[in-house]
Amino acid sequence: MSETVEIENLIDLNYVNFRTEVQTSTKLCVQGLSKSFQTKNGSVCVLDDVNLEVKEGEFVCIVGPSGCGKTTLLNIIAGLERADSGELRVNGRKVNGAGTDRVVIFQEAALFPWLNVIKNVEFGLKQKGVNSKERRDIALEYLKMVHLTKFQHAHVHELSGGMKQRVAIARALAMNPEMLLMDEPFSALDAQTRWILHFELQNIWLKTKKTIFFITHNIREAVCLADRIIILSTSPGRIKKEFIVDLPRPRDDNDVNVAEYSTRIMKELKAEINKVVACEMDTDSCVECDIKCTTEVPSKTDIGGGI
Amino acid sequence: MKSTWKRVVFFALLAGIWELLFLLRIWPEYVLPSPFSVYKTMIHGFKDQTFLIGIMISMKRIAIGYGIATIVGVFLGLLIGRIRIFEETLGSLISGLQTLPTICWLPLALLWFGLNDKTIIFLVAMGAVLSITVATDAGIKSVPPLYIRAAKTMGARGWGLYLEVILPAALPHIITGMKQGWSFAWRSLMAGELLIVCLGLGHLMMIGRELNDMSQVIAVMIIIVLIGILVDRLFFIKVEKHIRERWGLVKI
């Protein structure tokens, strides 16, 4: 099976270049979030006092070196993991556990192999109790959005990596969530497929006006997609710096401006990467990345139901 | 088609060797009957319906026993696979019981249920239930956590999560266990029917033994093998093929 995405169409669509004016209310609010894990060598602080806000309809990318707690942060926001302390609000409401208002798209598409493509897209709607006719209509609508109606009856293993991720996006959108949480969704894909999906995702975002919380280690990807980039430092994970990207859309990975922005951010991240390198490579001592976390165990709050 | 021919030739050859051994007269006829007398017994048995009734009775028992075993086995496997306390307690009991031949339950079963169908059905169920439990447990433990996380973010909870994610994800393992359970069920059925006078295929074999009619014994053995092949063809192979196609696993 071949992937047939008409790239021309994707680019020629009339994009609204700036949607910043419509961003008003706060969609997600994270305050004082901390999390540490117990390991053999004691407690390791992954997230330390993370504060961030995401506005309605905003596209935010979290960038950081591997092991900086990006995924943990996303899992806590998704309600799949429990924070040690801190508060998490969606639309001003305190959230507890996983909810269909925050759907996650994982690095691996996590499609169910016992269901075909359209049944996968219908899965969340079925859990919601939507009747079968309506379910099918909604699923088809979103499959159309990701240009995969031709493959609606295909088995999951028959799809390429990029197609699987598109089905996962359709499956998440079909739930009509408040926000999409994307955990390095394109990092396992080849460069060309990723390039196509960057266009598709921007296109979908402009169409659906969803709030997107996107995690990546790829700075250029972040610049290409985000309104705002948050740099996370490592050991412990803290918010280091924020960048506003106000380049016109649709952006292209290979655009000069995107490249220039990326270089600037890369410089900021360099110190963090050096820290990781120093920690992971065979050096005599690793003072820098030693646990800097407070020794006292923070009291547990009811953020995230955990699994 | 080619493989069918290969099979026909193979079985014809087997029957030929058998007939040859018979013609050599190494053993008397009541020890090794000729394939033709077995064939005649088979035809006669089906004509006067004794075999047909035997098959029906045995199939009914195995269907009930195996059905109970499947339901109970999957349920127990779910408990052991998902709940720690059951794993630590019931799990070790199950692995211990697996070493116990089913027929060891016969004395107790006779006492509990008496000399009747129930005893045999109990034996059949006991034979199959453990392999299904163990396989379900293994299947559930090997469900990728990613599926469960994905399902949870899409709002799957409680029964929905079990019925629509965990069980389907564990199905390839469960089917393997059911297949193994099926053969154990047959063994238990035959053991029970040989020991209890109660019609059925095992009883027909016993009659053959008592009348020194080895051709009837062999005929019943062949019927059991044929039923085994038939069920494998009509059910297990089809289900397995379906799952393999769905999941994109290696083709058989």
# chains A, B, ... in the order shown; residues from 1 in each chain; ligands from 1
>>> interface_residues(of="chain A", to="chain B", cutoff="9 Å", atoms="only C-alpha atoms", output="JSON, numbers by chain")
{"A": [78, 79, 80, 98, 99, 100, 101, 102, 103, 104, 105, 106, 108, 110, 111, 112, 113, 114, 115, 116, 123, 124, 125, 127, 128, 155, 156, 157, 158, 171, 172, 175, 307]}
>>> residues_around(residues="stretch 81-87 of chain B", least_positions_apart="6", cutoff="8 Å", atoms="only C-alpha atoms", output="PyMOL selection string")
chain B and resi 136-138+140-141
>>> write_last_selection(atoms="all heavy atoms", output="PDB file, in the first residue's frame")
ATOM      1  N   THR B 136      -4.370 -17.685  29.904  1.00  0.00           N
ATOM      2  CA  THR B 136      -5.007 -16.379  30.021  1.00  0.00           C
ATOM      3  C   THR B 136      -4.169 -15.455  30.896  1.00  0.00           C
ATOM      4  O   THR B 136      -3.939 -14.287  30.554  1.00  0.00           O
ATOM      5  CB  THR B 136      -6.419 -16.513  30.630  1.00  0.00           C
ATOM      6  OG1 THR B 136      -7.154 -17.459  29.864  1.00  0.00           O
ATOM      7  CG2 THR B 136      -7.154 -15.189  30.615  1.00  0.00           C
ATOM      8  N   ASP B 137      -3.683 -16.015  31.993  1.00  0.00           N
ATOM      9  CA  ASP B 137      -2.820 -15.249  32.892  1.00  0.00           C
ATOM     10  C   ASP B 137      -1.587 -14.736  32.135  1.00  0.00           C
ATOM     11  O   ASP B 137      -1.275 -13.545  32.176  1.00  0.00           O
ATOM     12  CB  ASP B 137      -2.418 -16.152  34.072  1.00  0.00           C
ATOM     13  CG  ASP B 137      -1.383 -15.518  34.973  1.00  0.00           C
ATOM     14  OD1 ASP B 137      -1.433 -14.291  35.133  1.00  0.00           O
ATOM     15  OD2 ASP B 137      -0.533 -16.237  35.524  1.00  0.00           O
ATOM     16  N   ALA B 138      -0.936 -15.645  31.393  1.00  0.00           N
ATOM     17  CA  ALA B 138       0.258 -15.250  30.635  1.00  0.00           C
ATOM     18  C   ALA B 138      -0.101 -14.188  29.597  1.00  0.00           C
ATOM     19  O   ALA B 138       0.627 -13.209  29.408  1.00  0.00           O
ATOM     20  CB  ALA B 138       0.879 -16.467  29.957  1.00  0.00           C
ATOM     21  N   ILE B 140      -2.548 -12.011  29.651  1.00  0.00           N
ATOM     22  CA  ILE B 140      -2.856 -10.725  30.275  1.00  0.00           C
ATOM     23  C   ILE B 140      -1.588 -10.036  30.756  1.00  0.00           C
ATOM     24  O   ILE B 140      -1.433  -8.827  30.616  1.00  0.00           O
ATOM     25  CB  ILE B 140      -3.869 -10.940  31.412  1.00  0.00           C
ATOM     26  CG1 ILE B 140      -5.246 -11.044  30.764  1.00  0.00           C
ATOM     27  CG2 ILE B 140      -3.842  -9.795  32.410  1.00  0.00           C
ATOM     28  CD1 ILE B 140      -6.276 -11.621  31.631  1.00  0.00           C
ATOM     29  N   LYS B 141      -0.648 -10.826  31.254  1.00  0.00           N
ATOM     30  CA  LYS B 141       0.604 -10.226  31.715  1.00  0.00           C
ATOM     31  C   LYS B 141       1.427  -9.688  30.550  1.00  0.00           C
ATOM     32  O   LYS B 141       2.277  -8.835  30.748  1.00  0.00           O
ATOM     33  CB  LYS B 141       1.407 -11.259  32.493  1.00  0.00           C
ATOM     34  CG  LYS B 141       0.744 -11.581  33.821  1.00  0.00           C
ATOM     35  CD  LYS B 141       1.747 -11.824  34.911  1.00  0.00           C
ATOM     36  CE  LYS B 141       1.046 -11.999  36.226  1.00  0.00           C
ATOM     37  NZ  LYS B 141       0.699 -13.403  36.497  1.00  0.00           N
TER      38      LYS B 141
END
>>> atom_distance(atom1="atom CA of B:Val220", atom2="atom CA of B:Trp112")
29.5 Å
>>> residues_around(residues="A:Thr26", least_positions_apart="6", cutoff="9 Å", atoms="only C-alpha atoms", output="number ranges by chain")
A: 53-56, 90-92
>>> select_by_dssp(residues="stretch 62-274 of chain A", states="strand (DSSP E or B)", output="CSV table (one decimal) with N, CA, C and O atoms, in the first residue's frame")
chain,number,residue,atom,x,y,z
A,62,ILE,N,7.3,21.4,24.3
A,62,ILE,CA,8.2,21.3,25.3
A,62,ILE,C,9.5,20.6,24.7
A,62,ILE,O,9.4,19.6,24.1
A,63,VAL,N,10.6,21.3,24.9
A,63,VAL,CA,11.8,20.7,24.4
A,63,VAL,C,12.8,20.5,25.5
A,63,VAL,O,12.9,21.3,26.4
A,85,SER,N,3.7,16.6,44.2
A,85,SER,CA,3.1,17.8,44.7
A,85,SER,C,2.8,18.7,43.6
A,85,SER,O,3.3,18.6,42.5
A,86,GLY,N,1.9,19.7,43.8
A,86,GLY,CA,1.6,20.7,42.8
A,86,GLY,C,0.2,20.5,42.4
A,86,GLY,O,-0.6,19.7,42.9
A,87,GLU,N,-0.2,21.4,41.5
A,87,GLU,CA,-1.6,21.5,41.1
A,87,GLU,C,-1.8,21.6,39.6
A,87,GLU,O,-0.9,22.1,38.9
A,88,LEU,N,-2.9,21.0,39.2
A,88,LEU,CA,-3.1,20.9,37.7
A,88,LEU,C,-4.5,21.2,37.4
A,88,LEU,O,-5.4,20.7,38.0
A,89,ARG,N,-4.7,22.3,36.6
A,89,ARG,CA,-6.1,22.7,36.3
A,89,ARG,C,-6.3,22.7,34.8
A,89,ARG,O,-5.5,23.2,34.1
A,90,VAL,N,-7.4,22.2,34.4
A,90,VAL,CA,-7.8,22.3,33.0
A,90,VAL,C,-9.1,23.1,33.0
A,90,VAL,O,-10.1,22.8,33.7
A,93,ARG,N,-10.6,24.0,36.3
A,93,ARG,CA,-11.1,22.9,37.1
A,93,ARG,C,-9.9,22.1,37.5
A,93,ARG,O,-9.0,21.7,36.7
A,94,LYS,N,-9.8,21.7,38.8
A,94,LYS,CA,-8.7,20.8,39.2
A,94,LYS,C,-9.0,19.4,38.6
A,94,LYS,O,-10.1,18.9,38.6
A,102,ARG,N,-8.3,15.2,27.7
A,102,ARG,CA,-6.9,15.2,27.4
A,102,ARG,C,-6.5,13.9,26.8
A,102,ARG,O,-6.2,13.0,27.5
A,103,VAL,N,-6.5,13.8,25.5
A,103,VAL,CA,-6.1,12.6,24.8
A,103,VAL,C,-4.7,12.6,24.5
A,103,VAL,O,-4.2,13.6,24.0
A,104,VAL,N,-4.0,11.5,24.7
A,104,VAL,CA,-2.6,11.4,24.4
A,104,VAL,C,-2.3,10.7,23.1
A,104,VAL,O,-3.0,9.7,22.8
A,105,ILE,N,-1.4,11.2,22.4
A,105,ILE,CA,-0.8,10.5,21.2
A,105,ILE,C,0.6,10.2,21.5
A,105,ILE,O,1.4,11.0,21.8
A,116,ASN,N,-9.7,-2.9,13.0
A,116,ASN,CA,-9.3,-2.3,11.8
A,116,ASN,C,-9.2,-0.8,12.0
A,116,ASN,O,-9.5,-0.3,13.1
A,155,HIS,N,-6.1,-3.5,8.0
A,155,HIS,CA,-5.6,-3.9,9.3
A,155,HIS,C,-4.5,-2.9,9.7
A,155,HIS,O,-3.8,-2.4,8.8
A,179,MET,N,-7.8,19.2,24.8
A,179,MET,CA,-6.5,19.4,24.3
A,179,MET,C,-5.8,18.1,23.9
A,179,MET,O,-6.2,17.0,24.3
A,180,LEU,N,-4.9,18.2,23.0
A,180,LEU,CA,-4.1,17.0,22.5
A,180,LEU,C,-2.8,17.0,23.2
A,180,LEU,O,-2.1,18.0,23.2
A,181,LEU,N,-2.4,15.9,23.8
A,181,LEU,CA,-1.1,15.8,24.4
A,181,LEU,C,-0.3,14.8,23.5
A,181,LEU,O,-0.7,13.7,23.3
A,182,MET,N,0.8,15.4,22.9
A,182,MET,CA,1.5,14.6,22.0
A,182,MET,C,2.9,14.3,22.5
A,182,MET,O,3.7,15.2,22.7
A,183,ASP,N,3.2,13.0,22.6
A,183,ASP,CA,4.5,12.7,23.2
A,183,ASP,C,5.5,12.2,22.2
A,183,ASP,O,5.5,11.0,21.8
A,211,THR,N,-6.1,23.0,21.4
A,211,THR,CA,-4.9,23.3,22.2
A,211,THR,C,-4.0,22.0,22.1
A,211,THR,O,-4.5,20.9,22.3
A,212,ILE,N,-2.8,22.3,21.7
A,212,ILE,CA,-1.8,21.1,21.6
A,212,ILE,C,-0.6,21.3,22.5
A,212,ILE,O,0.0,22.4,22.5
A,213,PHE,N,-0.4,20.3,23.2
A,213,PHE,CA,0.8,20.2,24.1
A,213,PHE,C,1.7,19.2,23.5
A,213,PHE,O,1.4,18.0,23.6
A,214,PHE,N,2.8,19.6,22.9
A,214,PHE,CA,3.6,18.7,22.1
A,214,PHE,C,5.0,18.6,22.7
A,214,PHE,O,5.7,19.6,23.0
A,215,ILE,N,5.5,17.3,22.8
A,215,ILE,CA,6.8,17.1,23.4
A,215,ILE,C,7.7,16.6,22.3
A,215,ILE,O,7.3,15.7,21.5
A,216,THR,N,8.9,17.1,22.3
A,216,THR,CA,9.9,16.7,21.3
A,216,THR,C,11.3,17.0,21.8
A,216,THR,O,11.5,17.8,22.7
A,228,ARG,N,4.7,28.6,20.9
A,228,ARG,CA,5.6,28.9,22.0
A,228,ARG,C,6.4,27.6,22.4
A,228,ARG,O,5.8,26.5,22.4
A,229,ILE,N,7.7,27.8,22.6
A,229,ILE,CA,8.5,26.7,23.0
A,229,ILE,C,9.0,26.9,24.4
A,229,ILE,O,9.5,27.9,24.8
A,230,ILE,N,8.9,25.8,25.2
A,230,ILE,CA,9.3,25.8,26.5
A,230,ILE,C,10.5,24.9,26.6
A,230,ILE,O,10.4,23.7,26.3
A,231,ILE,N,11.6,25.4,27.1
A,231,ILE,CA,12.8,24.6,27.2
A,231,ILE,C,12.9,24.1,28.7
A,231,ILE,O,12.8,24.8,29.6
A,232,LEU,N,13.0,22.8,28.8
A,232,LEU,CA,13.1,22.1,30.1
A,232,LEU,C,14.5,21.7,30.4
A,232,LEU,O,15.2,21.2,29.5
A,237,GLY,N,14.2,18.4,36.3
A,237,GLY,CA,13.5,19.1,35.2
A,237,GLY,C,12.9,20.4,35.7
A,237,GLY,O,12.0,20.4,36.6
A,239,ILE,N,11.6,24.5,34.2
A,239,ILE,CA,11.5,25.3,33.0
A,239,ILE,C,12.6,26.3,33.0
A,239,ILE,O,12.9,27.0,33.9
A,240,LYS,N,13.4,26.2,31.9
A,240,LYS,CA,14.6,27.0,31.8
A,240,LYS,C,14.3,28.3,31.0
A,240,LYS,O,14.7,29.4,31.5
A,241,LYS,N,13.6,28.2,29.9
A,241,LYS,CA,13.4,29.4,29.1
A,241,LYS,C,12.2,29.2,28.2
A,241,LYS,O,11.8,28.1,27.9
A,242,GLU,N,11.6,30.3,27.8
A,242,GLU,CA,10.5,30.2,26.8
A,242,GLU,C,10.8,31.0,25.6
A,242,GLU,O,11.4,32.1,25.7
A,243,PHE,N,10.4,30.5,24.4
A,243,PHE,CA,10.5,31.3,23.2
A,243,PHE,C,9.2,31.4,22.5
A,243,PHE,O,8.4,30.5,22.5
A,244,ILE,N,8.9,32.6,22.0
A,244,ILE,CA,7.7,32.7,21.2
A,244,ILE,C,8.1,32.6,19.8
A,244,ILE,O,9.1,33.3,19.4
>>> closest_residue(among="A:Asn218, A:Ser187, A:Thr193, A:Asn274", to="A:Ser233", atoms="only C-alpha atoms")
A:Asn274
>>> atom_distance(atom1="atom CA of A:Thr234", atom2="atom CA of A:Asn51")
15.2 Å
>>> atom_distance(atom1="atom CA of B:Lys47", atom2="atom CA of B:Glu210")
21.6 Å
>>> select_by_dssp(residues="stretch 88-146 of chain B", states="alpha helix (DSSP H)", output="PyMOL selection string")
chain B and resi 88-97+106-113+117-141+145-146
>>> residues_around(residues="B:Ser131", least_positions_apart="5", cutoff="10 Å", atoms="only C-alpha atoms", output="ChimeraX atom specification")
/B:69-70,73-74,77,94-95,98,126,136-137,174,176-182,184
>>> residues_around(residues="A:Pro65", least_positions_apart="3", cutoff="7 Å", atoms="only C-alpha atoms", output="PyMOL selection string")
chain A and resi 68+217+272-273
